[in-house]
Amino acid sequence: MEGLKVSDTNMKVFLHPSKGGDIDGAIHHQLSSMIFKFDDNLDGVLVAYKFDVSSKDAKILNGVHPYFTVSIRATLLLFSPKPNMLVEGKVVKVTRGSISVIVLGFSCAFIKDEDIREEFKYKYKRGKQVYISRYQKRHVIKVGTMIRLSVNSLDVETLHIYGSLRPAHTGSIRFLDKNVEDDGLTDRSNKRRRENEGESVMQEPSTTVIQGLNTKVKPSSIGTEAFSFNNDHYIKKSKKHKTR
Amino acid sequence: MGVELRQDLDMDDGGVYSDYDLALHVKDVLLSVSSGDVVSVENYRELVGRLYPRERHSPDDVAKLVASLKGLSGAASYIDSAVHVGLLSPLFAMSLWNYGPDVMDALIELIISLAASSGKYLDLCLAMLTRHFETPSNFLEKLKLPSGLTKKDQVLTRVHSALKDIADVVPLSPARIVTIVSDRLELYRQMRGTSTHGLVIFVENMLKLEGGALGEVVRVSMLTKVVELLLHLDVEMGSWDKVLQDHGIFQMELEDVDDFTEDFLNDGTEHAREATINDVTLKSFAEKLDTLMVLTFEHLESCEAGGRLSEVFKTLLETFRNKVLTTCKSKFVQFVMFYACALDPVNCGEEFATNLVEIFLYDANLTCLRMRAVAYLASYLSRAMFMSASIVAQTLKRLVGWCFNYVKTKKGGVNPEKDKLFYAACQAIMYLLCFRMRSLMDDPQSKSLLAGLPLESILSTEISPLKACAPSIVKEFLWQANAAGLITAEEFDFDDGLESEYSWVWGGKEELHKLFPFDPCLLRNSDRFIRPNFIYWSMVRRTYDEEKEGSSDEDGDEAFAVDNEENVMDYEILQCLEEQQFDEVDNALNKMSITPKDSLHNRFGGAINKPMRMPSRIRPSTSPESI
C-alpha cells in the first residue's frame, strides 16, 4: 500500500500554563487532536505518533497568558494519498453504480461506475451485489473483499478518497496476489533478478515497500528524516513462497 | 423525467421501470443539463420541481417523487455541486415529517448515497438528517395522538438508521455528527418558541444516539452536551431568583406568588411587568429542566438495564468534574450524579465519593474547587440513603486525617480567609456527622473507627473551627457528639443565625459556607426518582434521641429507620407534612433547602420530637438569595 509514510520530526508544542503539572499529558492531548485530520504542514493525515521531549528547556512566550513552548522530537505515521497512488481497503458497500471502500479504517473511498474498468461486470447474485471480472471468474469484488484501488483525488476536509479501478493492477488483493504468486512460480528467475536489483516494486504487492518522505512539519522544524516502512505481511508471503 | 420524458427506457417483465432505468435516465438528465439545450433544461426543471413541497400530494405526485428520488439515488455520484445547486437546495430542505413511508425510504436512500459519494455533501446530509431531531411545531400537537406517535417513530427510526448506515461507509462521520448536533442544539435552545416538548424530543434523540450503534464515538459529547443544557437551565433559574429578590418578592408568602404577580401586573409598573415575565420564564425553565431531568434519569435506568451504566458514569463523572463542580449556582443538575449513584451504589456510588475526596485532597487543585468538592461530598454522603456506614466512616477518616495534619502546623487565632479550606472541611465533617452520627454509632466497626478519630483535638485548636463554621451546624453537631460521647466540650452558646461572623469570610463571594448541593430536589417529577433514595432530615435519628426513646433500638443498622410505633406515626406525619410543604414551595425554587421541621414544630407545639435546630435549615443550598 502506498501513501503511508513515517516521518521523524522536530516540533514545538505550545502549552497553556495550567498544563504545567502534566506536560506529557498535555502534549498527548495536543497531538491527539491532530489525529485523523489533514494537516497542510505535515502534508498528510496524522494516523499515529510517538514523541520524546527533546529539551528540558521550555521557552515562555509573552502575552496575556504566558504560554510556554516545549520542543519535542516526534515520530509520525502519516497518510498522504496522492493521485495514481495505490491504496488498499475493505469494501463496505456495492451498488450498481458504485463501490464504497474503507481505507485504513478511517478514510472513505468511493469508486463510481465510470471509474470501474469494463472488465468488471455488475451482478446481483444470491441476494448480494457483486462485481465479477468478465475474464477471470474468480476475480470477484463484494462486501468484505479487500481491494487495491488507484487514487484519483482526496477531499482533505472529509478525508474522502475518489478512487478508481481503471488500472489493470487494481481489484481484489487476494486475487491479484495469487496471480502474482502464480506468475512467480512460472518465472522465478525474473523475480530473483528483480530482488537482486533491489528495486522498489510498488506495484508488486508481494514485496511492497513503503517509503517515507521528507516532510516539513512546522516552520520551526530543525530537520526531518526519511524512514522506510516494510510490510511484514507481504515479506512473509515472499519467504513462504521461497521455502516451497 | 420518468414516464413521460423517456420513452425509450427499458422495461422489465412487469412493464414498470426498474431502479436502474430510473438511475440511467436521471444520470442523462443531470449530465445533459449543462449542454443548455431546451429539452434537457426542461427535463432538469421538472426533476427539480418535484422536490419542492406541495400543499397536497396526489398519489401520482407521490409516485413521481419516489421515482425521482430513486433515480437520483442511483445517479448520486453524478450530482455536481456547481451545476446542480438548484436541485440540492430543495433536496436538503425536504423534511421526512411531510411525507409517507415510501417517500421517506426513497429520500433516506438518496441521502445515504449522496453522503457516501462525495465529501462535499457529507455535512449537508448529516445536517439534513439531524434537523429531524427538531419536531416541527405543527406536529408537536399531533404527537399526543397515536397516529402522531407512529409518525414520530417512522421518522426518527429512519433518521437514526441512516446515520448508522452513513457511519458504516464514512467512518469519521460520527465525529461530524457530534459537532452538527451540538451546534444545532444550541441554536434550537435559543430559538424563540422552542417548547419544552420540542426540546425534550431533541434531547431524547441525543440520548438515543448515545445509546445506539454510534454510542462509542458520540457518548462523551452527547452526555456532556445534555449535562451542559441542564446546567444552563439550572443556572438561568438562579438568575431569576436574583431578579425577584431585587423586586422584594421574597417578602411575600410563597404560596401567594401567583396573586402577587397578578397584583403586580395590575399595578402597571415596569418592575411588575418584568417580574411577571420572569415568573413565566422561571416556570418555563423549571418545566424544561424537570422534564429533561426525568428523561435523563430514565436514560440512566436503561443504561443500567443494558449493563453499560459504568461507561456512562465515567463520562458523567468527567462532566461533573469539569462543568458542574465548577459552577457555583447549580441546584438540580447534580441529582443526575446522585441518581446514577443510586442505581449502582457499589460501583458508581463509591466512585463518586472517592473522586470527591481525591479532588479535595489533591494539592494542585484550586482552593475553591477543593472547597466545593468537600461540600458536595458532605451533602452527598449525608443524603444518599444507599451509601453504607462503612464508606461514610472511611471517608470521615480521610477528611479528619487531613484536618489533623493541617492543624498540627497552624497557630494563631481564627483566620477565615487563610484557613478557608480547613473550615470548609470541618463544616463538612460536622454536617455529615449531624446526619450520620447515629447510624455510625450503631455499627460496631464504624463506632470504633469514629471513636478513634481526633475530632476533639481538631475542634479545640487555636484556629477554632467551631467559631468559624455555621452556628446551627456546630450546635447540632455538639448536641449529638456530646450525646454519643465523642467529645466532652461544653455547649457553645450560639444564636441560630445563618452564619457566624467568620463563615461569610471563608465562604467568599460564592458563599461556599452555604453550599449544600444535595438539599431536597424541589422539581416535582424529578423528585419521584430521588425521593426513595434520599435521606430527609425528618428521617434522621439523632444520638440524643436515644435518651428519650429509652435506647431500645440500638440494633437498627440505619439511623433513619423508624422502629417503634410512636416513631412510625411521627414519621408518617412528618412525611405527609413534608410532602405538603414541598407542594407549597414547589413554585418557589429559591427555597431549595427549606426544611419542614421548624414549621412542624410550630404546628405541633414541638410535640413530635425533641425541639432542635436543623443543620439543613440554615442554608439554602447554592442560592444565597433565598435566605
# chains A, B, ... in the order shown; residues from 1 in each chain; ligands from 1
$ closest_atom_pairs --of "chain A" --to "chain B" --cutoff "8 Å" --atoms "only C-alpha atoms" --output "CSV"
residue,atom,partner,partner_atom,distance
A:Val92,CA,B:Val169,CA,6.3
A:Lys93,CA,B:Val169,CA,7.2
A:Arg96,CA,B:Tyr20,CA,7.8
A:Gly97,CA,B:Gly74,CA,6.4
A:Ser100,CA,B:Val169,CA,6.6
A:Val101,CA,B:Val169,CA,7.3
A:Ile102,CA,B:Val169,CA,7.0
A:Gly105,CA,B:Pro171,CA,7.1
A:Phe106,CA,B:Pro171,CA,5.2
A:Ser107,CA,B:Pro171,CA,6.7
A:Cys108,CA,B:Val170,CA,5.2
A:Phe110,CA,B:Ser117,CA,6.0
A:Lys112,CA,B:Ser77,CA,6.6
A:Asp155,CA,B:Gly119,CA,6.3
A:Glu157,CA,B:Gly119,CA,7.5
A:Thr158,CA,B:Gly119,CA,5.4
A:Leu159,CA,B:Gly119,CA,7.4
A:His160,CA,B:Gly119,CA,5.4
A:Tyr162,CA,B:Ser118,CA,7.9
$ residues_around --residues "B:Pro454" --least-positions-apart "3" --cutoff "10 Å" --atoms "only C-alpha atoms" --output "PyMOL selection string"
chain B and resi 397+400-401+403-404+450-451+457-459+486-487
$ atom_distance --atom1 "atom CA of B:Leu230" --atom2 "atom CA of B:Met387"
25.4 Å
$ select_by_dssp --residues "stretch 72-207 of chain A" --states "strand (DSSP E or B)" --output "number ranges by chain"
A: 72-79, 86-95, 98-103, 107-112, 116, 120-125, 128-133, 140-141, 146-155, 160-165, 171-172
$ residues_around --residues "stretch 53-68 of chain B" --least-positions-apart "6" --cutoff "12 Å" --atoms "only C-alpha atoms" --output "CSV table (one decimal) with N, CA and C atoms, in the first residue's frame"
chain,number,residue,atom,x,y,z
B,1,MET,N,-38.7,14.0,-16.1
B,1,MET,CA,-38.2,12.7,-16.2
B,1,MET,C,-39.3,11.7,-16.0
B,2,GLY,N,-38.9,10.4,-15.9
B,2,GLY,CA,-39.9,9.4,-15.6
B,2,GLY,C,-40.6,9.0,-16.8
B,3,VAL,N,-41.9,8.7,-16.6
B,3,VAL,CA,-42.7,8.0,-17.7
B,3,VAL,C,-42.8,8.8,-18.9
B,4,GLU,N,-43.1,10.1,-18.8
B,4,GLU,CA,-43.4,10.9,-20.0
B,4,GLU,C,-42.1,11.2,-20.7
B,5,LEU,N,-41.0,11.4,-20.0
B,5,LEU,CA,-39.9,12.1,-20.6
B,5,LEU,C,-39.0,11.1,-21.3
B,16,VAL,N,-42.8,-2.1,-15.7
B,16,VAL,CA,-42.5,-0.9,-15.0
B,16,VAL,C,-41.0,-0.7,-15.1
B,17,TYR,N,-40.6,0.6,-14.9
B,17,TYR,CA,-39.2,0.9,-14.9
B,17,TYR,C,-38.5,0.4,-13.7
B,18,SER,N,-37.3,-0.2,-13.9
B,18,SER,CA,-36.6,-0.6,-12.8
B,18,SER,C,-35.8,0.6,-12.2
B,19,ASP,N,-35.3,0.4,-11.0
B,19,ASP,CA,-34.5,1.4,-10.4
B,19,ASP,C,-33.3,1.8,-11.2
B,20,TYR,N,-32.7,0.8,-11.9
B,20,TYR,CA,-31.6,1.1,-12.8
B,20,TYR,C,-32.0,2.0,-13.9
B,21,ASP,N,-33.1,1.7,-14.5
B,21,ASP,CA,-33.6,2.5,-15.6
B,21,ASP,C,-33.8,4.0,-15.2
B,22,LEU,N,-34.4,4.1,-14.0
B,22,LEU,CA,-34.5,5.4,-13.5
B,22,LEU,C,-33.2,6.1,-13.3
B,23,ALA,N,-32.3,5.4,-12.7
B,23,ALA,CA,-30.9,5.9,-12.4
B,23,ALA,C,-30.3,6.4,-13.7
B,24,LEU,N,-30.4,5.5,-14.8
B,24,LEU,CA,-29.8,5.9,-16.1
B,24,LEU,C,-30.4,7.2,-16.6
B,25,HIS,N,-31.7,7.2,-16.5
B,25,HIS,CA,-32.4,8.4,-17.1
B,25,HIS,C,-32.0,9.7,-16.3
B,26,VAL,N,-32.0,9.6,-15.0
B,26,VAL,CA,-31.6,10.8,-14.2
B,26,VAL,C,-30.2,11.2,-14.5
B,27,LYS,N,-29.4,10.2,-14.6
B,27,LYS,CA,-27.9,10.4,-15.0
B,27,LYS,C,-27.9,11.3,-16.3
B,29,VAL,N,-30.2,13.1,-17.5
B,29,VAL,CA,-30.8,14.5,-17.2
B,29,VAL,C,-29.7,15.4,-16.6
B,30,LEU,N,-29.0,14.8,-15.6
B,30,LEU,CA,-28.0,15.5,-14.8
B,30,LEU,C,-26.8,15.9,-15.7
B,43,ASN,N,-36.3,19.1,-18.8
B,43,ASN,CA,-36.3,17.8,-18.0
B,43,ASN,C,-35.7,18.0,-16.6
B,44,TYR,N,-34.7,18.8,-16.6
B,44,TYR,CA,-34.0,19.1,-15.3
B,44,TYR,C,-34.9,19.9,-14.4
B,46,GLU,N,-38.1,19.9,-14.4
B,46,GLU,CA,-39.2,19.1,-14.0
B,46,GLU,C,-38.8,18.2,-12.8
B,47,LEU,N,-37.5,17.7,-13.0
B,47,LEU,CA,-37.0,16.9,-11.9
B,47,LEU,C,-36.9,17.7,-10.6
B,74,GLY,N,-29.6,6.5,-7.5
B,74,GLY,CA,-28.8,5.7,-8.4
B,74,GLY,C,-27.7,6.5,-9.1
B,75,ALA,N,-28.0,7.8,-9.3
B,75,ALA,CA,-27.1,8.6,-10.0
B,75,ALA,C,-26.5,9.7,-9.1
B,76,ALA,N,-26.4,9.4,-7.8
B,76,ALA,CA,-26.0,10.4,-6.9
B,76,ALA,C,-24.6,10.9,-7.2
B,87,LEU,N,-30.9,21.9,-7.6
B,87,LEU,CA,-31.5,20.6,-7.2
B,87,LEU,C,-31.2,20.3,-5.7
B,90,PRO,N,-33.5,22.4,-2.8
B,90,PRO,CA,-34.8,21.9,-2.3
B,90,PRO,C,-34.6,20.5,-1.7
B,91,LEU,N,-33.6,19.7,-2.2
B,91,LEU,CA,-33.4,18.4,-1.7
B,91,LEU,C,-33.1,18.4,-0.2
B,92,PHE,N,-32.1,19.2,0.2
B,92,PHE,CA,-31.7,19.3,1.6
B,92,PHE,C,-32.8,20.0,2.5
B,93,ALA,N,-33.7,20.7,1.8
B,93,ALA,CA,-34.8,21.3,2.6
B,93,ALA,C,-36.0,20.4,2.8
B,94,MET,N,-35.9,19.2,2.2
B,94,MET,CA,-37.1,18.3,2.4
B,94,MET,C,-37.1,17.8,3.8
B,95,SER,N,-38.3,17.5,4.3
B,95,SER,CA,-38.5,17.0,5.6
B,95,SER,C,-39.3,15.7,5.6
B,96,LEU,N,-38.8,14.8,6.3
B,96,LEU,CA,-39.4,13.5,6.4
B,96,LEU,C,-40.8,13.6,7.0
B,97,TRP,N,-41.0,14.6,7.8
B,97,TRP,CA,-42.2,14.8,8.6
B,97,TRP,C,-43.4,15.0,7.6
B,98,ASN,N,-43.1,15.5,6.4
B,98,ASN,CA,-44.2,15.9,5.4
B,98,ASN,C,-44.6,14.7,4.5
B,99,TYR,N,-43.9,13.6,4.6
B,99,TYR,CA,-44.2,12.5,3.6
B,99,TYR,C,-44.5,11.2,4.3
B,100,GLY,N,-45.0,10.3,3.5
B,100,GLY,CA,-45.3,9.0,3.9
B,100,GLY,C,-44.1,8.1,3.8
B,101,PRO,N,-44.3,6.8,4.3
B,101,PRO,CA,-43.1,5.9,4.4
B,101,PRO,C,-42.4,5.7,3.0
B,102,ASP,N,-43.1,5.7,1.9
B,102,ASP,CA,-42.4,5.4,0.6
B,102,ASP,C,-41.5,6.5,0.3
B,103,VAL,N,-41.9,7.7,0.4
B,103,VAL,CA,-41.1,8.9,0.1
B,103,VAL,C,-39.9,8.9,1.1
B,104,MET,N,-40.3,8.7,2.4
B,104,MET,CA,-39.2,8.7,3.4
B,104,MET,C,-38.1,7.7,3.1
B,105,ASP,N,-38.5,6.5,2.7
B,105,ASP,CA,-37.4,5.5,2.4
B,105,ASP,C,-36.6,5.9,1.2
B,106,ALA,N,-37.2,6.4,0.1
B,106,ALA,CA,-36.5,6.8,-1.0
B,106,ALA,C,-35.6,8.0,-0.7
B,107,LEU,N,-36.1,8.9,0.1
B,107,LEU,CA,-35.3,10.1,0.4
B,107,LEU,C,-34.0,9.7,1.3
B,108,ILE,N,-34.3,8.8,2.2
B,108,ILE,CA,-33.2,8.3,3.1
B,108,ILE,C,-32.1,7.6,2.3
B,109,GLU,N,-32.6,6.8,1.3
B,109,GLU,CA,-31.6,6.1,0.4
B,109,GLU,C,-30.8,7.1,-0.3
B,110,LEU,N,-31.4,8.1,-0.8
B,110,LEU,CA,-30.7,9.2,-1.6
B,110,LEU,C,-29.7,9.9,-0.7
$ select_by_dssp --residues "stretch 13-160 of chain A" --states "alpha helix (DSSP H)" --output "ChimeraX atom specification"
/A:23-32
$ residues_around --residues "B:Ala384" --least-positions-apart "5" --cutoff "10 Å" --atoms "only C-alpha atoms" --output "PyMOL selection string"
chain B and resi 338-339+341-342+345+349+379+518+530+532-536
$ atom_distance --atom1 "atom CA of B:Thr179" --atom2 "atom CA of A:Ile35"
16.5 Å
